[in-house]
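Asker: Quick one, structure_22.cif (mmCIF, C-alpha atoms):
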data_final
loop_
_atom_site.label_atom_id
_atom_site.label_comp_id
_atom_site.auth_asym_id
_atom_site.auth_seq_id
_atom_site.Cartn_x
_atom_site.Cartn_y
_atom_site.Cartn_z
CA ILE A 9 105.28 108.53 88.23
CA SER A 10 101.67 108.02 89.13
CA ASN A 11 100.82 109.20 92.62
CA ASP A 12 97.80 109.24 94.89
CA SER A 13 96.69 112.69 93.78
CA LYS A 14 94.03 113.29 91.13
CA HIS A 15 95.30 116.85 90.74
CA SER A 16 97.34 117.78 87.67
CA LEU A 17 100.88 118.72 88.69
CA TRP A 18 101.44 121.12 85.83
CA ASN A 19 98.87 123.80 86.71
CA GLY A 20 101.26 126.13 88.52
CA ASN A 21 103.40 126.42 91.65
CA GLU A 22 101.17 124.40 93.98
CA THR A 23 101.65 121.88 96.75
CA VAL A 24 99.47 118.81 97.15
CA PHE A 25 98.84 117.09 100.50
CA ASN A 26 97.02 113.76 100.27
CA ILE A 27 95.83 111.39 102.98
CA ALA A 28 93.87 108.17 102.41
CA TYR A 29 92.12 105.56 104.55
CA SER A 30 91.13 102.08 103.34
CA ILE A 31 88.55 99.53 104.46
CA HIS A 32 88.65 95.87 103.35
CA SER A 33 86.18 93.02 103.69
CA ASN A 34 87.07 89.43 102.68
CA LYS A 35 84.88 86.34 102.77
CA MET A 36 86.04 82.74 102.23
CA ALA A 37 83.56 79.90 102.81
CA GLN A 38 82.01 80.69 106.21
CA ASN A 39 84.83 82.97 107.38
CA SER A 40 84.84 86.78 107.07
CA VAL A 41 87.69 89.19 107.73
CA TYR A 42 87.39 92.98 108.10
CA ASN A 43 90.37 95.30 108.08
CA SER A 44 90.89 99.07 108.02
CA TYR A 45 94.04 101.19 108.06
CA LEU A 46 95.72 104.44 106.97
CA SER A 47 96.72 103.49 103.42
CA SER A 48 98.59 106.56 102.13
CA LEU A 49 100.17 109.82 103.23
CA SER A 50 102.02 112.07 100.76
CA TYR A 51 103.11 115.66 100.19
CA THR A 52 104.15 117.07 96.79
CA ILE A 53 106.07 120.33 96.27
CA PRO A 54 107.44 122.13 93.16
CA MET A 55 111.22 122.03 92.68
CA GLY A 56 111.45 124.71 90.03
CA LYS A 57 109.99 124.92 86.58
CA ASP A 58 108.56 121.59 85.36
CA LYS A 59 109.80 119.56 88.36
CA TYR A 60 107.92 118.20 91.35
CA LEU A 61 109.09 116.22 94.37
CA ALA A 62 106.77 114.01 96.41
CA PHE A 63 107.56 112.22 99.64
CA GLY A 64 105.20 109.81 101.29
CA LEU A 65 104.51 106.71 103.32
CA ASN A 66 102.21 103.76 102.67
CA PRO A 67 101.89 100.04 103.50
CA HIS A 68 103.68 97.76 101.02
CA THR A 69 102.40 94.46 102.40
CA LEU A 70 99.94 93.71 105.21
CA ALA A 71 99.18 90.50 107.12
CA ASN A 72 96.30 89.99 109.52
CA ILE A 73 95.73 86.23 109.58
CA ASP A 74 94.16 83.99 112.22
CA PHE A 75 93.64 80.52 110.71
CA GLN A 76 92.66 77.48 112.76
CA GLU A 77 92.89 74.01 111.21
CA THR A 78 89.52 72.30 111.51
CA PHE A 79 90.87 68.77 110.93
CA TYR A 80 93.07 66.61 113.18
CA ASN A 81 96.41 65.06 112.21
CA TYR A 82 96.90 61.50 113.46
CA ILE A 83 100.04 60.09 115.14
CA GLY A 84 99.91 56.29 115.43
CA VAL A 85 101.70 54.17 118.01
CA GLY A 86 103.81 52.62 115.25
CA GLU A 87 105.16 56.04 114.24
CA ASN A 88 106.87 56.71 117.58
CA SER A 89 108.30 54.20 120.04
CA ASP A 90 107.52 56.47 123.01
CA LEU A 91 103.77 56.36 122.40
CA VAL A 92 101.49 54.02 124.32
CA ASN A 93 98.27 55.41 122.84
CA PRO A 94 97.72 57.25 119.54
CA LEU A 95 97.56 61.05 119.59
CA SER A 96 96.30 63.76 117.27
CA TYR A 97 97.12 67.43 116.81
CA ASN A 98 96.08 70.55 114.89
CA THR A 99 97.61 73.98 114.39
CA ASN A 100 96.51 77.60 114.74
CA TYR A 101 98.41 80.08 112.48
CA ILE A 102 98.48 83.79 113.38
CA SER A 103 100.26 86.56 111.42
CA ASP A 104 100.29 90.27 112.17
CA GLY A 105 102.35 93.10 110.65
CA GLY A 106 103.93 93.76 107.29
CA ILE A 107 106.29 95.96 105.29
CA SER A 108 105.93 99.75 105.01
CA LYS A 109 107.35 101.92 102.23
CA ALA A 110 108.75 105.44 102.60
CA TYR A 111 109.60 107.08 99.29
CA LEU A 112 110.88 110.10 97.39
CA ASN A 113 109.37 110.62 93.94
CA LEU A 114 110.85 113.13 91.47
CA THR A 115 108.72 113.89 88.39
CA CYS A 116 110.08 116.00 85.52
CA LYS A 117 108.52 117.41 82.38
CA LEU A 118 111.38 117.14 79.88
CA SER A 119 109.35 118.55 76.99
CA ASP A 120 105.76 118.96 75.86
CA LYS A 121 105.80 115.28 74.87
CA ILE A 122 108.12 113.51 77.31
CA TYR A 123 107.75 113.06 81.09
CA LEU A 124 110.07 111.12 83.41
CA GLY A 125 109.68 109.93 86.98
CA VAL A 126 112.18 108.40 89.43
CA LYS A 127 110.94 106.91 92.70
CA SER A 128 113.33 105.75 95.41
CA SER A 129 111.74 103.72 98.20
CA HIS A 130 112.93 102.38 101.55
CA LEU A 131 111.21 99.20 102.74
CA PHE A 132 110.99 98.45 106.45
CA GLY A 133 108.74 96.71 108.92
CA ASN A 134 108.06 93.72 111.16
CA LEU A 135 105.97 90.59 110.74
CA GLU A 136 105.05 88.46 113.74
CA ARG A 137 104.11 84.85 112.96
CA GLN A 138 102.73 82.66 115.72
CA LYS A 139 102.05 78.95 115.46
CA ILE A 140 100.13 77.17 118.23
CA ILE A 141 100.24 73.37 118.10
CA ARG A 142 97.67 71.61 120.32
CA LEU A 143 98.17 67.93 121.10
CA TYR A 144 95.13 65.76 121.93
CA ASP A 145 94.41 62.37 123.44
CA ILE A 146 91.85 60.44 121.40
CA ILE A 147 88.99 59.19 123.57
CA TYR A 148 87.33 56.47 121.53
CA GLY A 149 83.59 56.05 121.95
CA VAL A 150 81.74 52.72 122.00
CA ASN A 151 78.08 51.90 121.52
CA ASP A 152 75.86 49.69 123.66
CA ASN A 153 77.26 46.61 121.95
CA GLY A 154 80.82 47.51 122.87
CA GLU A 155 81.73 48.39 119.29
CA PHE A 156 83.66 51.46 118.13
CA ASP A 157 81.40 54.49 117.66
CA ILE A 158 82.95 57.43 115.78
CA ASP A 159 80.08 59.76 116.69
CA SER A 160 80.88 59.54 120.40
CA THR A 161 84.67 59.78 119.93
CA TYR A 162 86.18 63.05 121.13
CA TYR A 163 89.55 64.75 121.63
CA SER A 164 90.94 65.79 125.00
CA LEU A 165 93.71 68.41 125.20
CA ASN A 166 96.98 66.79 126.22
CA ASP A 167 99.58 69.53 125.69
CA SER A 168 100.40 72.57 123.58
CA MET A 169 103.42 74.32 122.08
CA ILE A 170 103.80 77.93 120.82
CA VAL A 171 106.40 78.98 118.22
CA ASN A 172 106.58 82.76 117.80
CA LYS A 173 108.76 84.21 115.01
CA VAL A 174 109.36 87.95 114.58
CA ASN A 175 110.78 88.94 111.17
CA GLU A 176 112.41 92.35 110.68
CA PHE A 177 112.62 93.59 107.07
CA LYS A 178 114.95 96.19 105.52
CA GLY A 179 115.49 96.97 101.85
CA ASN A 180 115.23 99.48 99.00
CA SER A 181 113.68 99.67 95.55
CA LEU A 182 113.93 101.99 92.55
CA GLN A 183 111.13 102.71 90.08
CA LEU A 184 111.52 104.39 86.69
CA GLU A 185 108.54 105.56 84.66
CA GLY A 186 108.37 107.38 81.36
CA LYS A 187 105.43 108.88 79.49
CA TYR A 188 105.26 109.97 75.87
CA VAL A 189 102.39 112.25 74.80
CA ASN A 190 101.31 112.59 71.18
CA ASN A 191 98.21 114.79 70.87
CA ASP A 192 95.46 112.83 72.67
CA ASN A 193 97.52 109.65 73.05
CA GLU A 194 99.75 108.75 75.98
CA PHE A 195 102.17 105.82 76.13
CA ILE A 196 103.46 104.80 79.57
CA LEU A 197 106.35 102.47 80.46
CA SER A 198 107.28 101.64 84.05
CA GLY A 199 109.58 99.22 85.90
CA VAL A 200 110.57 98.48 89.52
CA TYR A 201 113.95 97.07 90.59
CA ARG A 202 114.17 95.80 94.15
CA PHE A 203 117.55 95.67 95.82
CA PRO A 204 118.33 92.84 98.31
CA LEU A 205 115.68 92.58 101.01
CA LYS A 206 117.31 91.67 104.33
CA ILE A 207 115.34 89.67 106.87
CA LYS A 208 116.34 89.17 110.51
CA MET A 209 114.33 86.56 112.41
CA LYS A 210 114.03 86.27 116.16
CA MET A 211 112.33 83.21 117.59
CA PHE A 212 110.53 82.65 120.89
CA LEU A 213 109.55 79.11 121.84
CA ASN A 214 107.15 77.96 124.53
CA PRO A 215 107.68 74.18 124.37
CA PHE A 216 105.43 71.33 125.39
CA VAL A 217 104.92 71.00 129.14
CA ASN A 218 105.68 67.28 128.92
CA PRO A 219 109.28 66.97 127.59
CA SER A 220 108.58 63.52 126.12
CA ASN A 221 106.25 65.13 123.58
CA GLU A 222 109.23 66.81 121.91
CA SER A 223 110.15 63.46 120.35
CA LEU A 224 106.97 63.53 118.24
CA GLY A 225 108.75 65.55 115.54
CA LEU A 226 106.29 68.44 115.28
CA PHE A 227 108.97 71.05 114.62
CA SER A 228 108.47 72.31 111.05
CA SER A 229 112.01 73.57 110.42
CA LEU A 230 115.62 73.11 111.45
CA GLU A 231 115.55 76.58 113.02
CA GLU A 232 112.81 75.56 115.43
CA MET A 233 114.72 72.44 116.45
CA GLU A 234 117.98 74.38 116.72
CA TYR A 235 116.36 77.10 118.82
CA TYR A 236 114.91 74.47 121.15
CA THR A 237 118.40 73.11 121.84
CA ASP A 238 120.12 76.53 121.84
CA PRO A 239 117.67 79.41 122.53
CA ASN A 240 118.06 83.19 122.09
CA GLN A 241 119.49 82.94 118.56
CA VAL A 242 118.92 85.38 115.70
CA PHE A 243 118.66 83.98 112.15
CA SER A 244 119.42 86.17 109.11
CA TYR A 245 118.25 85.72 105.51
CA ARG A 246 117.83 87.82 102.41
CA LEU A 247 115.76 87.90 99.22
CA GLU A 248 117.93 88.39 96.15
CA PRO A 249 117.77 91.58 94.02
CA MET A 250 115.42 91.37 91.06
CA ILE A 251 113.26 93.22 88.56
CA LYS A 252 110.14 93.10 90.68
CA SER A 253 107.62 94.37 88.14
CA TYR A 254 107.14 96.18 84.84
CA SER A 255 104.10 97.59 83.06
CA LEU A 256 102.97 99.04 79.73
CA GLY A 257 100.08 101.48 79.44
CA TYR A 258 98.13 103.35 76.81
CA LYS A 259 95.77 106.25 77.51
CA ARG A 260 93.42 107.83 74.98
CA LYS A 261 91.87 111.25 75.73
CA MET A 262 88.56 112.28 74.14
CA ASP A 263 87.37 115.76 75.11
CA GLU A 264 86.37 115.37 78.78
CA LYS A 265 86.78 111.59 78.76
CA SER A 266 89.68 109.16 78.72
CA MET A 267 90.36 105.42 78.50
CA LEU A 268 93.38 103.69 80.02
CA PHE A 269 94.66 100.19 79.17
CA ARG A 270 97.50 98.68 81.19
CA PHE A 271 99.43 95.40 81.15
CA MET A 272 101.61 94.50 84.16
CA ARG A 273 103.80 91.61 85.24
CA GLN A 274 104.98 91.12 88.82
CA ASN A 275 107.72 88.56 89.48
CA ALA A 276 107.63 86.26 92.49
CA ASP A 277 110.34 85.95 95.10
CA ASP A 278 111.90 82.54 95.66
CA TYR A 279 109.88 80.55 98.19
CA ASN A 280 111.33 80.41 101.70
CA ASN A 281 109.31 78.54 104.35
CA ARG A 282 111.19 80.36 107.12
CA PHE A 283 109.02 83.44 106.63
CA MET A 284 106.40 82.44 104.01
CA TYR A 285 103.36 80.25 104.64
CA LEU A 286 102.69 79.95 100.89
CA GLN A 287 104.71 80.36 97.71
CA ASP A 288 104.74 83.86 96.22
CA PRO A 289 102.97 83.86 92.81
CA ASP A 290 104.01 85.43 89.50
CA ILE A 291 101.22 87.86 88.58
CA VAL A 292 100.12 88.93 85.11
CA SER A 293 97.35 91.54 85.05
CA ILE A 294 95.27 93.53 82.55
CA ASP A 295 93.40 96.68 83.61
CA PHE A 296 90.91 98.95 81.86
CA LEU A 297 89.75 102.29 83.27
CA TYR A 298 87.25 104.76 81.83
CA THR A 299 87.18 108.32 83.25
CA SER A 300 84.75 111.16 82.51
CA ASN A 301 83.84 114.56 83.90
CA LEU A 302 80.60 114.83 85.84
CA PRO A 303 77.88 116.98 84.22
CA LEU A 304 77.20 120.29 85.98
CA LEU A 305 80.18 119.81 88.33
CA ASN A 306 83.31 121.53 87.06
CA TYR A 307 86.51 119.47 87.31
CA SER A 308 84.78 116.60 89.16
CA GLN A 309 85.11 113.13 87.68
CA TYR A 310 83.89 109.58 87.93
CA GLU A 311 85.65 106.40 86.79
CA VAL A 312 84.74 102.77 86.20
CA GLY A 313 87.03 99.90 85.31
CA LEU A 314 87.70 96.19 85.00
CA PHE A 315 90.71 94.11 86.04
CA TYR A 316 91.83 90.53 85.53
CA LYS A 317 94.88 88.84 87.08
CA VAL A 318 96.46 85.42 86.61
CA LEU A 319 98.49 84.26 89.62
CA LYS A 320 100.94 81.57 88.54
CA ILE A 321 102.26 79.09 91.11
CA ALA A 322 104.19 75.91 90.33
CA GLU A 323 101.44 73.60 91.58
CA SER A 324 98.43 75.51 90.24
CA ASP A 325 97.20 78.80 88.77
CA ASP A 326 94.67 81.15 90.33
CA CYS A 327 92.74 84.10 88.94
CA ASP A 328 91.63 87.39 90.46
CA TYR A 329 89.06 89.55 88.66
CA GLY A 330 86.47 92.23 89.30
CA ILE A 331 85.36 95.82 88.84
CA THR A 332 86.57 99.17 90.12
CA GLY A 333 84.96 102.59 90.40
CA GLY A 334 85.49 106.00 91.88
CA LEU A 335 84.25 109.53 92.35
CA ASN A 336 86.51 112.58 92.63
CA LEU A 337 84.74 115.74 93.85
CA LYS A 338 86.51 119.09 93.47
CA PHE A 339 85.71 121.98 95.77
CA ILE A 340 85.82 125.68 94.88
CA ASP A 341 89.26 126.15 96.50
CA LYS A 342 90.72 123.23 94.45
CA ASP A 343 90.64 120.85 97.42
CA ALA A 344 89.08 117.49 96.67
CA PHE A 345 87.49 114.41 98.18
CA ASN A 346 87.91 111.04 96.48
CA ILE A 347 86.08 107.78 97.09
CA SER A 348 86.95 104.60 95.19
CA PHE A 349 86.03 100.93 95.47
CA ARG A 350 87.10 97.51 94.22
CA ILE A 351 84.91 94.41 94.13
CA GLY A 352 86.44 91.09 93.13
CA GLU A 353 86.73 87.34 93.39
CA ARG A 354 89.88 85.24 93.69
CA THR A 355 90.45 81.50 93.57
CA HIS A 356 92.78 79.62 95.96
CA ASN A 357 93.35 76.24 94.35
CA LEU A 358 96.44 75.51 96.44
CA LEU A 359 94.40 75.93 99.64
CA GLU A 360 91.46 74.00 98.14
CA ILE A 361 89.22 77.00 98.78
CA ASN A 362 86.61 77.59 96.09
CA LYS A 363 86.57 81.41 95.98
CA GLU A 364 87.48 84.43 98.04
CA ARG A 365 85.10 87.35 97.62
CA TYR A 366 86.32 90.76 98.67
CA PHE A 367 85.35 94.42 98.75
CA SER A 368 87.60 97.40 99.42
CA LEU A 369 86.75 101.05 99.91
CA ARG A 370 89.27 103.90 99.83
CA LEU A 371 88.60 107.44 101.07
CA SER A 372 91.08 110.25 100.46
CA LEU A 373 91.28 113.99 101.09
CA GLU A 374 93.44 116.35 99.05
CA ASN A 375 94.57 119.85 100.00
CA ILE A 376 96.00 122.25 97.36
CA GLU A 377 98.02 125.32 98.38
CA GLU A 378 100.21 127.86 96.61
CA TRP A 379 103.94 127.30 97.06
CA PHE A 380 106.36 130.14 97.81
CA ILE A 381 108.89 129.97 95.01
CA LYS A 382 111.08 132.65 93.42
CA GLY A 383 109.68 133.79 90.11
CA GLU A 384 111.61 134.42 86.90
CA ASN A 385 113.10 137.89 86.38
#
Please go through the file and, once you have read it, give me the structure as C-alpha cells.

Answerer:
Amino acid sequence: ISNDSKHSLWNGNETVFNIAYSIHSNKMAQNSVYNSYLSSLSYTIPMGKDKYLAFGLNPHTLANIDFQETFYNYIGVGENSDLVNPLSYNTNYISDGGISKAYLNLTCKLSDKIYLGVKSSHLFGNLERQKIIRLYDIIYGVNDNGEFDIDSTYYSLNDSMIVNKVNEFKGNSLQLEGKYVNNDNEFILSGVYRFPLKIKMKMFLNPFVNPSNESLGLFSSLEEMEYYTDPNQVFSYRLEPMIKSYSLGYKRKMDEKSMLFRFMRQNADDYNNRFMYLQDPDIVSIDFLYTSNLPLLNYSQYEVGLFYKVLKIAESDDCDYGITGGLNLKFIDKDAFNISFRIGERTHNLLEINKERYFSLRLSLENIEEWFIKGEN
C-alpha cells in the first residue's frame, strides 16, 4: 500500500522514519483561512524477507470553521403570539477538531510481479461544534418627513443563545491494495471498507437570558429542545458500514521517468444534521502524475501532475481541479527531504459561493537506517 515514503522498500533490510508538516491557505470571496498542522508520522520496519510493516498516525478529517451569517432572519409579529414588535436574528457557526487515524500497514512482495498490502486503521477523535444565535430588536429609521428610511434602520442586540455540541468518534477501516508488475507496466487496484463509525454526542446549552424568547422556535433539532427540557444527556449515533472508496491505477516506467494515471471513487455517508452542517458528497476523481529524476543529482526526483474531481450532491454538483508538484532531494546517507504543493479551485454551488481558491504546501523529512535482522544461514 502506498505510504508517505518516497524510498523504495525493496532495497534491503532498512527502516524508514517519516514526518511531515502541512500548511493550507483557502480564500472564498473576501474571507481567507490559514491552517498548519503535523500531517503525518510513520515508521516502517522489515518483517523478514519481502515483508515490511509500517505503523503511523495522521489526521483523517479536520475542521477549523468560523462562519458568521452576514444577513438577518426576520420574525414577524404574526409568526408568534408572544411578540409585540418584530425581531431578527443571525447565527455564528464554529467547528474545531476532527478524526485522527492510527494504522498498521503490512506490505508483502509475493513474487517478482505481484505485491499485496493490508492496512488496518483505527479512527478516533473529537469535533466541537458551537452555534451562537444572536437575537436583535429592529430599530426602524425615519427621514425628516416621518417616512420609513431603511438606511437609518439598525439592529440592537436583544439576547443570545449558545449551543455547544461535542462529538466523540470511534471506528475502524480496512484497506486492501494489490499491484501487478509486467516489465515497465504497473497495474494497481485498491479499496477501503469502513466498519461502523460510532458517534457519541454531548451537548451544552447556554439558553436565552429572557425565558420568553425560547418560544421563538430557534432550536434546530429535537435534541436541542430535548436537552433544554432535560439537560446533561448523551446522544449516541452511528454511521453504517460501507465500501468507502476504491481506485484503479496504471503506472508506466520509462528509463528514469514514469507516468501514473489513477481513477478513484469515494462514497458519501448518509446525511445526518446532528453532526453534519452539509451533506457529504460522492467524489469521482482522475489524477495524472509525471515523475522524473533530476539531472546531476543522483536519486533525486521532481514530479508534476493534474487532478480533477466531481463532487456529487443531490441538490447540485461541484468540481475541484488544479495542479500538483513536488521535489524529493536525496542526501548521501539516503536520508531525504521532500516538498510538495497543490494549487486548486473548487466550486460551492450549494453555499452559493462562486469559487474557493486554495494552496497547500507539505514538507517532510525521511530518515533511513539499517535494521538488525537475522541473516540467512

Asker: List as an NGL selection string the protein and nucleic acid residues near Phe216 in chain A, meaning an atom at most 8 Å away when only C-alpha atoms are counted, but skip any in the same chain fewer than 6 places from it.

Answerer: :A and (167-169 or 222)

Asker: Pull the closest atom pair for each residue of range 29-144 of chain A that gets at most 12 Å from range 190-208 of chain A, along with the distance in Å to one decimal, counting only C-alpha atoms, ordering rows by chain and then ascending residue number, as a Markdown table.

Answerer:
| residue | atom | partner | partner_atom | distance |
| --- | --- | --- | --- | --- |
| A:Ile107 | CA | A:Leu205 | CA | 10.9 |
| A:Ser119 | CA | A:Asn190 | CA | 11.6 |
| A:Asp120 | CA | A:Asn190 | CA | 9.1 |
| A:Lys121 | CA | A:Asn190 | CA | 6.4 |
| A:Ile122 | CA | A:Asn190 | CA | 9.2 |
| A:Tyr123 | CA | A:Ile196 | CA | 9.4 |
| A:Leu124 | CA | A:Leu197 | CA | 9.9 |
| A:Gly125 | CA | A:Ser198 | CA | 9.1 |
| A:Val126 | CA | A:Ser198 | CA | 9.9 |
| A:Lys127 | CA | A:Val200 | CA | 9.0 |
| A:Ser128 | CA | A:Val200 | CA | 9.8 |
| A:Ser129 | CA | A:Arg202 | CA | 9.2 |
| A:His130 | CA | A:Phe203 | CA | 10.0 |
| A:Leu131 | CA | A:Leu205 | CA | 8.2 |
| A:Phe132 | CA | A:Leu205 | CA | 9.3 |
| A:Gly133 | CA | A:Ile207 | CA | 9.9 |
| A:Asn134 | CA | A:Ile207 | CA | 9.4 |
| A:Leu135 | CA | A:Ile207 | CA | 10.2 |
| A:Glu136 | CA | A:Lys208 | CA | 11.8 |

Asker: Grab the residues selected above and save them as an mmCIF file, in the frame of the given file with C-alpha atoms.

Answerer:
data_model
loop_
_atom_site.group_PDB
_atom_site.id
_atom_site.type_symbol
_atom_site.label_atom_id
_atom_site.label_comp_id
_atom_site.auth_asym_id
_atom_site.auth_seq_id
_atom_site.Cartn_x
_atom_site.Cartn_y
_atom_site.Cartn_z
ATOM 1 C CA ILE A 107 106.290 95.960 105.290
ATOM 2 C CA SER A 119 109.350 118.550 76.990
ATOM 3 C CA ASP A 120 105.760 118.960 75.860
ATOM 4 C CA LYS A 121 105.800 115.280 74.870
ATOM 5 C CA ILE A 122 108.120 113.510 77.310
ATOM 6 C CA TYR A 123 107.750 113.060 81.090
ATOM 7 C CA LEU A 124 110.070 111.120 83.410
ATOM 8 C CA GLY A 125 109.680 109.930 86.980
ATOM 9 C CA VAL A 126 112.180 108.400 89.430
ATOM 10 C CA LYS A 127 110.940 106.910 92.700
ATOM 11 C CA SER A 128 113.330 105.750 95.410
ATOM 12 C CA SER A 129 111.740 103.720 98.200
ATOM 13 C CA HIS A 130 112.930 102.380 101.550
ATOM 14 C CA LEU A 131 111.210 99.200 102.740
ATOM 15 C CA PHE A 132 110.990 98.450 106.450
ATOM 16 C CA GLY A 133 108.740 96.710 108.920
ATOM 17 C CA ASN A 134 108.060 93.720 111.160
ATOM 18 C CA LEU A 135 105.970 90.590 110.740
ATOM 19 C CA GLU A 136 105.050 88.460 113.740
#

Asker: Just the number, please: distance in Å from CA of Met211 in chain A to CA of Asn172 in chain A, one decimal.

Answerer: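 Separation of CA of Met211 in chain A and CA of Asn172 in chain A: 5.8 Å.
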
Asker: Starting from the displayed file, determine the output of the PyMOL selection byres ((chain A and resi 373) around 7) and express the residue list as a PyMOL selection string.

Answerer: chain A and resi 26-28+344-346+372+374-375

Asker: Which value, in Å to one decimal, gives the distance between CA of Lys259 in chain A and CA of Lys57 in chain A?

Answerer: 25.2 Å

Asker: If we count all atoms listed in the file, what is near range 330-339 of chain A at a cut-off of 6 Å, once residues fewer than 3 positions away on the same chain are taken out, given as a PDB file with C-alpha atoms, in the frame of the given file?

Answerer:
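Done, and the output landed in result-v4.pdb:
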ATOM      1  CA  SER A 308      84.780 116.600  89.160  1.00  0.00           C
ATOM      2  CA  GLN A 309      85.110 113.130  87.680  1.00  0.00           C
ATOM      3  CA  TYR A 310      83.890 109.580  87.930  1.00  0.00           C
ATOM      4  CA  GLU A 311      85.650 106.400  86.790  1.00  0.00           C
ATOM      5  CA  VAL A 312      84.740 102.770  86.200  1.00  0.00           C
ATOM      6  CA  GLY A 313      87.030  99.900  85.310  1.00  0.00           C
ATOM      7  CA  LEU A 314      87.700  96.190  85.000  1.00  0.00           C
ATOM      8  CA  PHE A 315      90.710  94.110  86.040  1.00  0.00           C
ATOM      9  CA  LYS A 342      90.720 123.230  94.450  1.00  0.00           C
ATOM     10  CA  ASP A 343      90.640 120.850  97.420  1.00  0.00           C
ATOM     11  CA  ALA A 344      89.080 117.490  96.670  1.00  0.00           C
ATOM     12  CA  PHE A 345      87.490 114.410  98.180  1.00  0.00           C
ATOM     13  CA  ASN A 346      87.910 111.040  96.480  1.00  0.00           C
ATOM     14  CA  ILE A 347      86.080 107.780  97.090  1.00  0.00           C
ATOM     15  CA  SER A 348      86.950 104.600  95.190  1.00  0.00           C
ATOM     16  CA  PHE A 349      86.030 100.930  95.470  1.00  0.00           C
ATOM     17  CA  ARG A 350      87.100  97.510  94.220  1.00  0.00           C
ATOM     18  CA  ILE A 351      84.910  94.410  94.130  1.00  0.00           C
ATOM     19  CA  GLY A 352      86.440  91.090  93.130  1.00  0.00           C
TER      20      GLY A 352
END

Asker: Here is a test: counting only C-alpha atoms, which residue of A:Tyr45, A:Lys59, A:Tyr148, A:Met36 is nearest to His356 in chain A?

Answerer: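 When distances to His356 in chain A are compared using only C-alpha atoms, the smallest one comes from A:Met36.
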
Asker: Any chance you could work out the residue set of the PyMOL selection byres ((chain A and resi 65) around 6) here, as JSON, numbers by chain?

Answerer: {"A": [49, 64, 66, 109, 110]}

Asker: Once the PyMOL selection byres ((chain A and resi 99) around 9) has been evaluated on this model, what residues remain selected, and can you format them as an mmCIF file with C-alpha atoms, keeping the file's coordinate frame?

Answerer:
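This is the output file selection.cif:
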data_model
loop_
_atom_site.group_PDB
_atom_site.id
_atom_site.type_symbol
_atom_site.label_atom_id
_atom_site.label_comp_id
_atom_site.auth_asym_id
_atom_site.auth_seq_id
_atom_site.Cartn_x
_atom_site.Cartn_y
_atom_site.Cartn_z
ATOM 1 C CA PHE A 75 93.640 80.520 110.710
ATOM 2 C CA GLN A 76 92.660 77.480 112.760
ATOM 3 C CA GLU A 77 92.890 74.010 111.210
ATOM 4 C CA THR A 78 89.520 72.300 111.510
ATOM 5 C CA TYR A 80 93.070 66.610 113.180
ATOM 6 C CA TYR A 97 97.120 67.430 116.810
ATOM 7 C CA ASN A 98 96.080 70.550 114.890
ATOM 8 C CA ASN A 100 96.510 77.600 114.740
ATOM 9 C CA TYR A 101 98.410 80.080 112.480
ATOM 10 C CA LYS A 139 102.050 78.950 115.460
ATOM 11 C CA ILE A 140 100.130 77.170 118.230
ATOM 12 C CA ILE A 141 100.240 73.370 118.100
ATOM 13 C CA ARG A 142 97.670 71.610 120.320
#

Asker: Take the point (90.9, 89.9, 85.3) in the file's coordinates, draw a sphere of radius 10 Å around it, and report as a compact mmCIF listing (two decimals) with C-alpha atoms, in the coordinates of the input every protein, DNA or RNA residue with an atom inside or on it, counting all atoms listed in the file.

Answerer:
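So the final result, stored in result.txt, reads:
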# COMPACT_ATOMS: atom_id res chain seq x y z
CA VAL A 292 100.12 88.93 85.11
CA SER A 293 97.35 91.54 85.05
CA ILE A 294 95.27 93.53 82.55
CA ASP A 295 93.40 96.68 83.61
CA PHE A 296 90.91 98.95 81.86
CA LEU A 314 87.70 96.19 85.00
CA PHE A 315 90.71 94.11 86.04
CA TYR A 316 91.83 90.53 85.53
CA LYS A 317 94.88 88.84 87.08
CA VAL A 318 96.46 85.42 86.61
CA CYS A 327 92.74 84.10 88.94
CA ASP A 328 91.63 87.39 90.46
CA TYR A 329 89.06 89.55 88.66
CA GLY A 330 86.47 92.23 89.30
CA ILE A 331 85.36 95.82 88.84
CA GLY A 352 86.44 91.09 93.13
CA GLU A 353 86.73 87.34 93.39
CA ARG A 354 89.88 85.24 93.69

Asker: Do you have the CA of Gly84 in chain A-CA of Asp145 in chain A distance handy?

Answerer: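 Interatomic distance, CA of Gly84 in chain A to CA of Asp145 in chain A: 11.5 Å.
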
Asker: Which residues are near Ile158 in chain A? Cut-off 12 Å, only C-alpha atoms, ignore same chain within fewer than 2 positions. Put them as a list in words.

Answerer: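 In the requested form, the answer reads Ile146, Ile147, Tyr148, Gly149, Val150, Asn151, Glu155, Phe156, Ser160, Thr161, Tyr162 and Tyr163 of chain A.
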
Asker: So which residues are close to (88.0, 90.8, 108.3), meaning at most 12 Å away in the file's coordinates with all atoms listed in the file counted, and can you show them as a list of chain:residue names?

Answerer: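 Collected hits near the coordinates: A:Ile31, A:His32, A:Ser33, A:Asn34, A:Lys35, A:Met36, A:Gln38, A:Asn39, A:Ser40, A:Val41, A:Tyr42, A:Asn43, A:Ser44, A:Ala71, A:Asn72, A:Ile73, A:Asp74, A:Phe75, A:Arg365, A:Tyr366, A:Phe367, A:Ser368.
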
Asker: Could you dump the residues just selected with C-alpha atoms as a short mmCIF file (atom, residue, chain, number, x, y, z; two decimals), in the frame of the given file?

Answerer:
data_model
loop_
_atom_site.label_atom_id
_atom_site.label_comp_id
_atom_site.auth_asym_id
_atom_site.auth_seq_id
_atom_site.Cartn_x
_atom_site.Cartn_y
_atom_site.Cartn_z
CA ILE A 31 88.55 99.53 104.46
CA HIS A 32 88.65 95.87 103.35
CA SER A 33 86.18 93.02 103.69
CA ASN A 34 87.07 89.43 102.68
CA LYS A 35 84.88 86.34 102.77
CA MET A 36 86.04 82.74 102.23
CA GLN A 38 82.01 80.69 106.21
CA ASN A 39 84.83 82.97 107.38
CA SER A 40 84.84 86.78 107.07
CA VAL A 41 87.69 89.19 107.73
CA TYR A 42 87.39 92.98 108.10
CA ASN A 43 90.37 95.30 108.08
CA SER A 44 90.89 99.07 108.02
CA ALA A 71 99.18 90.50 107.12
CA ASN A 72 96.30 89.99 109.52
CA ILE A 73 95.73 86.23 109.58
CA ASP A 74 94.16 83.99 112.22
CA PHE A 75 93.64 80.52 110.71
CA ARG A 365 85.10 87.35 97.62
CA TYR A 366 86.32 90.76 98.67
CA PHE A 367 85.35 94.42 98.75
CA SER A 368 87.60 97.40 99.42
#
